[in-house]
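Asks: Quick one: this structure, given as structure tokens, is what I'll be asking you about.
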Amino acid sequence: MAANEPVYIAGAFEHPTREAPDKSEMQLHAEVAKGALDDAGLPKADVDAFFTAGVPEYEFALSPLVVADYLGLDVSYADTTDYGGSSYIAHVGHAASAIRDGKCDVALVTLAGRPRSRGQATGSGARELRTMQDSFERIYGATNISMYGMAARRHMHEYGTTPEQLAEVRVAASQHAQYNDQAMYQDPVTVEDVVESKVVADPLHLLDCCVISDGGGALVIVSEDARAELNRKCVEVLGHGESPSHHDAGRIDLTTTGAVQSGRRAFEEAGLAPEHVDYASIYDSFTITVLEAIEDLGFCAKGEGGEFIEGGTLQAPDGDLPFNTDGGGLCSNHPANRGGMTKVVEAVRQLRGEANPEVQVDADVAIAHGTGGSIATRHGAATVVLGGEDR
Amino acid sequence: MTWEPRPVPDVTPETEPFWKGASEGRLLLSECQDCGLVYHYPRVLCPDCFSEDVEWLEADGEGEVYSYSVTRTMSGWPKEDLPLVVAYVELDEGPRLMTNIQADQDVVDVGTRVTVRFKETETNDIAIPVFVPISAER
């Protein structure tokens, strides 16, 4: 296979469930795997590569092995790169590389989890000391929300970003979610609703934070040869970039994310630039996550994100940068506390013309971008640039 | 903040001097003898140049708030210890470290000058550094 061999996303599936008290995590993996293969029109037997990460009920228990075992997969290639919620976007790039290297033809990527049913207070839970770094961080009661709150505070300090500007992110997501019957929160909200909602870890309010949902999603990524056999509109993987970022020996910059590197690499590989993007799926664990990503991906200059998103920029179908048209993690779904998968799924829907009609964008080029882990300590950034079949 | 003593961090061979130093009222940073980087948290190799020639440097314990957030609700944390000010403090020696600011939130802002204090843990010879505004000390 040539290095420039086209690679396609042929199947994409989002589990319809947001709360799964009566299912196991493995069952959810199986259901999303079947959903994505059915969407592609491929039998399980054709899968020869498997990607997954972060199987929380089996923490440190060899994620790809336990899931591949449950699914009965017979594959020759597997990868479990774990950047938190951005993992599944990185997996798209890894699958494309493996296919181009001739290691496989049909790659399956799955995500599943049940944090809601397990009663997990995601983002507001106290310390669990798992890594050596946690003793220098979580010992102080640093929660996910307070860490993103620190990022928001610093961004506000350096650039004059306001809570009202951050709220625009939630407003746009809620406008889209009203058309998504599966979204957890379907009522549109205003800027006032967001800034008047309960402060959880200031400057972040309750409505600056994403939902906690059970469920998952899956993708099927195929070679040019495999795609030729399919009777399904596919989406081309045009470019991919990723970047693990960290505390940097105490020089952490809370206003900047790994999207600076992952976005640049993804656009370079695609031979495209931010101005070519018609639709953007951007990981929205918190409103500040979106704001910093928009800047770092190059949609506007650093520090100008707040002003950039004012006035409906993010709202489909007419805004300049329609984003997260399913309602995103803020309003619809954040399965297993990992939102990268649903970012790819909605980008695929947009490029296939299968988004909810009220928010369908005339899109030839889309990006899916993830920020996993915590931008206040360690995070992975992953970006893919995707192209529609008819572009 | 009223939760005393604090829980014990996981102490590893390369971090033990840091925590023991704190129990003696000393804030220890790592300093690379080859490239001069002063860094936090402790590591056996300089994370810039990978030199093994790393020594402990006793910090003055002063710096300013780089950023902070006030946690109002947190499961698994003592209610009497909320709201809790979590912050990054930029020490005068350079590194930014995560910590708590032990003060009412209305006297904390980005840029507030702070100085270190040490909180006992459930283990006698291990303490953890927190910070207080210098103005509140005067």
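Labels used: A, B, ... for chains in the order of the structure tokens, numbers from 1 for residues in each chain, and numbers from 1 for ligands as shown.
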Dump as a tab-separated table the rows for residues of chain A within 8 Å of chain B: closest atom pair and distance in Å with one decimal, only C-alpha atoms counted, ordered by chain and rising residue number.

Replies:
residue	atom	partner	partner_atom	distance
A:Ala121	CA	B:Ser75	CA	7.0
A:Ser124	CA	B:Met74	CA	5.0
A:Gly125	CA	B:Ser75	CA	4.9
A:Ala126	CA	B:Gly76	CA	5.1
A:Arg127	CA	B:Gly76	CA	7.8
A:Leu129	CA	B:Asp10	CA	7.3
A:Met132	CA	B:Asp10	CA	6.9
A:Gln133	CA	B:Tyr41	CA	7.6
A:Ser135	CA	B:Pro9	CA	4.9
A:Phe136	CA	B:Met98	CA	6.8
A:Glu137	CA	B:Met98	CA	5.8
A:Ile139	CA	B:Pro9	CA	6.6
A:Tyr140	CA	B:Thr99	CA	5.9
A:Gly141	CA	B:Val86	CA	7.1
A:Ala142	CA	B:Val86	CA	6.2
A:Thr143	CA	B:Met74	CA	7.9
A:Ser146	CA	B:Ser69	CA	5.5
A:Met147	CA	B:Ser69	CA	7.4
A:Gly149	CA	B:Ser69	CA	5.5
A:Met150	CA	B:Tyr68	CA	4.9
A:Ala151	CA	B:Ser67	CA	7.4
A:Arg153	CA	B:Ser67	CA	6.2
A:Arg154	CA	B:Ser67	CA	5.5
A:His157	CA	B:Val110	CA	7.3
A:Val199	CA	B:Arg72	CA	7.2
A:Val200	CA	B:Arg72	CA	5.6
A:Ala201	CA	B:Thr71	CA	4.2
A:Asp202	CA	B:Ser69	CA	5.4
A:Pro203	CA	B:Ser69	CA	6.9
A:Ala249	CA	B:Tyr39	CA	5.2
A:Gly250	CA	B:Pro95	CA	4.4
A:Arg251	CA	B:Pro95	CA	6.0
A:Ile252	CA	B:Arg96	CA	7.2

Asks: Give me, as a compact mmCIF listing (two decimals) with N, CA, C and O atoms, in the first residue's frame, all polymer residues having an atom no more than 7 Å from stretch 283-289 of chain A, counting only C-alpha atoms and skipping those fewer than 3 positions away in the same chain.

Replies:
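Output contents, as saved in around.txt:
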# COMPACT_ATOMS: atom_id res chain seq x y z
N ALA A 152 -9.72 28.00 32.89
CA ALA A 152 -10.64 29.09 32.52
C ALA A 152 -10.22 30.39 33.19
O ALA A 152 -10.20 31.46 32.57
N LEU A 166 -17.80 32.12 27.46
CA LEU A 166 -17.76 30.67 27.63
C LEU A 166 -19.16 30.09 27.48
O LEU A 166 -19.35 29.01 26.89
N ALA A 167 -20.14 30.78 28.01
CA ALA A 167 -21.52 30.28 27.97
C ALA A 167 -22.03 30.11 26.55
O ALA A 167 -22.90 29.28 26.29
N VAL A 169 -20.72 28.68 24.22
CA VAL A 169 -20.45 27.30 23.79
C VAL A 169 -21.64 26.41 24.16
O VAL A 169 -22.15 25.64 23.34
N ARG A 170 -22.09 26.55 25.40
CA ARG A 170 -23.23 25.75 25.85
C ARG A 170 -24.51 26.13 25.10
O ARG A 170 -25.34 25.27 24.79
N ASP A 208 -21.53 24.77 32.43
CA ASP A 208 -20.27 24.76 31.69
C ASP A 208 -19.72 23.33 31.59
O ASP A 208 -18.67 23.13 30.96
N CYS A 209 -20.38 22.38 32.24
CA CYS A 209 -19.85 21.02 32.35
C CYS A 209 -20.67 20.04 31.51
O CYS A 209 -21.87 20.21 31.33
N CYS A 210 -20.01 18.99 31.06
CA CYS A 210 -20.68 18.00 30.22
C CYS A 210 -21.53 17.06 31.06
O CYS A 210 -21.47 17.05 32.29
N GLU A 292 -10.41 26.92 24.14
CA GLU A 292 -8.96 26.81 23.92
C GLU A 292 -8.67 26.00 22.66
O GLU A 292 -7.73 26.31 21.91
N ALA A 293 -9.46 24.97 22.39
CA ALA A 293 -9.21 24.16 21.19
C ALA A 293 -9.42 24.98 19.92
O ALA A 293 -8.65 24.87 18.96
N GLY A 328 -23.41 17.48 21.44
CA GLY A 328 -22.10 17.28 22.06
C GLY A 328 -22.15 16.65 23.43
O GLY A 328 -23.17 16.17 23.90
N GLY A 329 -21.00 16.69 24.08
CA GLY A 329 -20.91 16.17 25.44
C GLY A 329 -21.62 17.08 26.43
O GLY A 329 -22.05 16.64 27.49
N LEU A 330 -21.76 18.35 26.09
CA LEU A 330 -22.40 19.28 27.01
C LEU A 330 -23.89 18.99 27.17
O LEU A 330 -24.45 19.19 28.24
N GLY A 339 -15.35 11.63 25.42
CA GLY A 339 -16.16 12.18 24.35
C GLY A 339 -15.59 12.11 22.95
O GLY A 339 -16.23 12.56 22.00
N GLY A 340 -14.40 11.56 22.78
CA GLY A 340 -13.79 11.58 21.46
C GLY A 340 -14.55 10.77 20.43
O GLY A 340 -14.67 11.17 19.27
N LYS A 343 -17.42 12.49 18.88
CA LYS A 343 -16.99 13.59 17.99
C LYS A 343 -16.78 13.07 16.57
O LYS A 343 -17.15 13.72 15.60
N HIS A 369 -11.92 16.73 16.87
CA HIS A 369 -10.78 17.02 17.75
C HIS A 369 -11.10 16.62 19.18
O HIS A 369 -12.20 16.89 19.68
N GLY A 370 -10.13 15.99 19.83
CA GLY A 370 -10.33 15.57 21.22
C GLY A 370 -9.25 16.10 22.14
O GLY A 370 -8.12 16.30 21.75
N THR A 371 -9.67 16.32 23.39
CA THR A 371 -8.77 16.71 24.46
C THR A 371 -9.06 15.78 25.63
O THR A 371 -10.08 15.92 26.29

Asks: Mind listing the strand (DSSP E or B) residues of stretch 81-315 of chain A, per DSSP on the backbone, as number ranges by chain?

Replies: A: 83, 85, 106-113, 125, 199-202, 204-205, 209, 213, 215-223, 235-245, 279-282, 286

Asks: Quick one: distance from atom CA of A:Ala96 to atom CA of A:Thr257 in Å, one decimal?

Replies: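 So the answer is 24.2 Å.
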
Asks: From the list A:Ala33, A:Val220, A:Val191, A:Leu65, which residue is nearest A:Ala107 when using only C-alpha atoms?

Replies: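 Comparing A:Ala33, A:Val220, A:Val191, A:Leu65 against A:Ala107, the winner is A:Val220.
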
Asks: Need the shell around A:Asn180: protein/DNA/RNA residues with any atom at most 10 Å away, counting only C-alpha atoms. Skip same-chain ones fewer than 3 positions apart. Format as a ChimeraX atom specification?

Replies: /A:174-177,183-186,325-327,331-332,355-356,358-359

Asks: Would you write out those residues with C-alpha atoms, as a CSV table (one decimal), in the first residue's frame?

Replies:
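What ended up in result35.csv:
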chain,number,residue,atom,x,y,z
A,174,SER,CA,-28.2,23.3,23.4
A,175,GLN,CA,-29.6,24.8,20.3
A,176,HIS,CA,-28.5,21.7,18.4
A,177,ALA,CA,-29.6,19.3,21.1
A,183,ALA,CA,-29.8,14.0,23.8
A,184,MET,CA,-29.8,14.1,27.6
A,185,TYR,CA,-30.7,17.8,27.8
A,186,GLN,CA,-32.9,18.9,24.9
A,325,THR,CA,-24.5,19.4,16.0
A,326,ASP,CA,-25.6,16.4,18.0
A,327,GLY,CA,-25.6,18.6,21.2
A,331,CYS,CA,-26.0,18.4,26.2
A,332,SER,CA,-26.3,15.0,24.5
A,355,ALA,CA,-27.1,14.7,10.8
A,356,ASN,CA,-30.4,15.9,12.1
A,358,GLU,CA,-32.3,21.1,11.2
A,359,VAL,CA,-28.5,21.2,11.8

Asks: Identify, on the basis of only C-alpha atoms, every residue whose closest approach to B:Ala59 does not exceed 7 Å; exclude the query and any residue fewer than 6 positions from it along the same chain; express the result as a ChimeraX atom specification.

Replies: /B:27-29,93

Asks: Pick out the residues sitting within 7 Å of B:Thr115, and hand them over as a list in words; count only C-alpha atoms, and ignore anything fewer than 6 positions along from it in its own chain.

Replies: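 After dropping sequence-adjacent residues, the list is Gly61, Glu62, Gly63, Phe131, Val132, Pro133 and Ile134 of chain B.
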
Asks: Produce a file of the selected residues containing all heavy atoms, as a PDB file, in the first residue's frame.

Replies:
ATOM      1  N   GLY B  61      10.001  29.586  49.405  1.00  0.00           N
ATOM      2  CA  GLY B  61       8.617  29.314  49.799  1.00  0.00           C
ATOM      3  C   GLY B  61       7.658  30.438  49.472  1.00  0.00           C
ATOM      4  O   GLY B  61       6.543  30.474  49.974  1.00  0.00           O
ATOM      5  N   GLU B  62       8.114  31.369  48.627  1.00  0.00           N
ATOM      6  CA  GLU B  62       7.220  32.462  48.234  1.00  0.00           C
ATOM      7  C   GLU B  62       6.990  32.449  46.732  1.00  0.00           C
ATOM      8  O   GLU B  62       7.828  31.978  45.962  1.00  0.00           O
ATOM      9  CB  GLU B  62       7.803  33.820  48.660  1.00  0.00           C
ATOM     10  CG  GLU B  62       7.845  33.974  50.179  1.00  0.00           C
ATOM     11  CD  GLU B  62       8.109  35.412  50.602  1.00  0.00           C
ATOM     12  OE1 GLU B  62       8.205  36.295  49.733  1.00  0.00           O
ATOM     13  OE2 GLU B  62       8.201  35.637  51.821  1.00  0.00           O
ATOM     14  N   GLY B  63       5.845  32.975  46.347  1.00  0.00           N
ATOM     15  CA  GLY B  63       5.517  33.042  44.930  1.00  0.00           C
ATOM     16  C   GLY B  63       4.201  33.756  44.753  1.00  0.00           C
ATOM     17  O   GLY B  63       3.735  34.473  45.648  1.00  0.00           O
ATOM     18  N   PHE B 131      -0.371  27.079  50.873  1.00  0.00           N
ATOM     19  CA  PHE B 131       0.093  28.476  50.840  1.00  0.00           C
ATOM     20  C   PHE B 131      -0.948  29.401  51.476  1.00  0.00           C
ATOM     21  O   PHE B 131      -2.142  29.087  51.496  1.00  0.00           O
ATOM     22  CB  PHE B 131       0.391  28.911  49.403  1.00  0.00           C
ATOM     23  CG  PHE B 131       1.656  28.290  48.858  1.00  0.00           C
ATOM     24  CD1 PHE B 131       1.657  26.962  48.424  1.00  0.00           C
ATOM     25  CD2 PHE B 131       2.839  29.002  48.816  1.00  0.00           C
ATOM     26  CE1 PHE B 131       2.819  26.370  47.939  1.00  0.00           C
ATOM     27  CE2 PHE B 131       4.006  28.420  48.336  1.00  0.00           C
ATOM     28  CZ  PHE B 131       3.994  27.104  47.896  1.00  0.00           C
ATOM     29  N   VAL B 132      -0.466  30.528  51.978  1.00  0.00           N
ATOM     30  CA  VAL B 132      -1.347  31.568  52.516  1.00  0.00           C
ATOM     31  C   VAL B 132      -0.927  32.902  51.882  1.00  0.00           C
ATOM     32  O   VAL B 132       0.255  33.096  51.571  1.00  0.00           O
ATOM     33  CB  VAL B 132      -1.253  31.676  54.053  1.00  0.00           C
ATOM     34  CG1 VAL B 132      -1.741  30.389  54.702  1.00  0.00           C
ATOM     35  CG2 VAL B 132       0.169  31.994  54.503  1.00  0.00           C
ATOM     36  N   PRO B 133      -1.880  33.805  51.703  1.00  0.00           N
ATOM     37  CA  PRO B 133      -1.503  35.129  51.186  1.00  0.00           C
ATOM     38  C   PRO B 133      -0.568  35.836  52.158  1.00  0.00           C
ATOM     39  O   PRO B 133      -0.789  35.800  53.364  1.00  0.00           O
ATOM     40  CB  PRO B 133      -2.850  35.861  51.077  1.00  0.00           C
ATOM     41  CG  PRO B 133      -3.877  34.771  50.978  1.00  0.00           C
ATOM     42  CD  PRO B 133      -3.338  33.653  51.820  1.00  0.00           C
ATOM     43  N   ILE B 134       0.477  36.471  51.618  1.00  0.00           N
ATOM     44  CA  ILE B 134       1.435  37.168  52.475  1.00  0.00           C
ATOM     45  C   ILE B 134       0.758  38.351  53.177  1.00  0.00           C
ATOM     46  O   ILE B 134       1.000  38.606  54.351  1.00  0.00           O
ATOM     47  CB  ILE B 134       2.651  37.643  51.643  1.00  0.00           C
ATOM     48  CG1 ILE B 134       3.468  36.408  51.239  1.00  0.00           C
ATOM     49  CG2 ILE B 134       3.506  38.632  52.422  1.00  0.00           C
ATOM     50  CD1 ILE B 134       4.629  36.697  50.300  1.00  0.00           C
TER      51      ILE B 134
END

Asks: So which residues touch A:Gly113 within 9 Å, counting only C-alpha atoms, skipping near sequence neighbours fewer than 6 positions away, as a list of chain:residue names?

Replies: A:Ser24, A:Glu25, A:Met26, A:Leu28, A:His29, A:Gly54, A:Val55, A:Pro56, A:Glu57, A:Ser213, A:Asp214, A:Gly215, A:Gly216, A:Pro335, A:Ala336, A:Asn337, A:Arg338

Asks: Which residues are near stretch 13-21 of chain A? Cut-off 7 Å, only C-alpha atoms, ignore same chain within fewer than 4 positions. Put them as an MDAnalysis selection string.

Replies: chainID A and resid 32 35:36 114 116:117 182 213:219 333 342 345
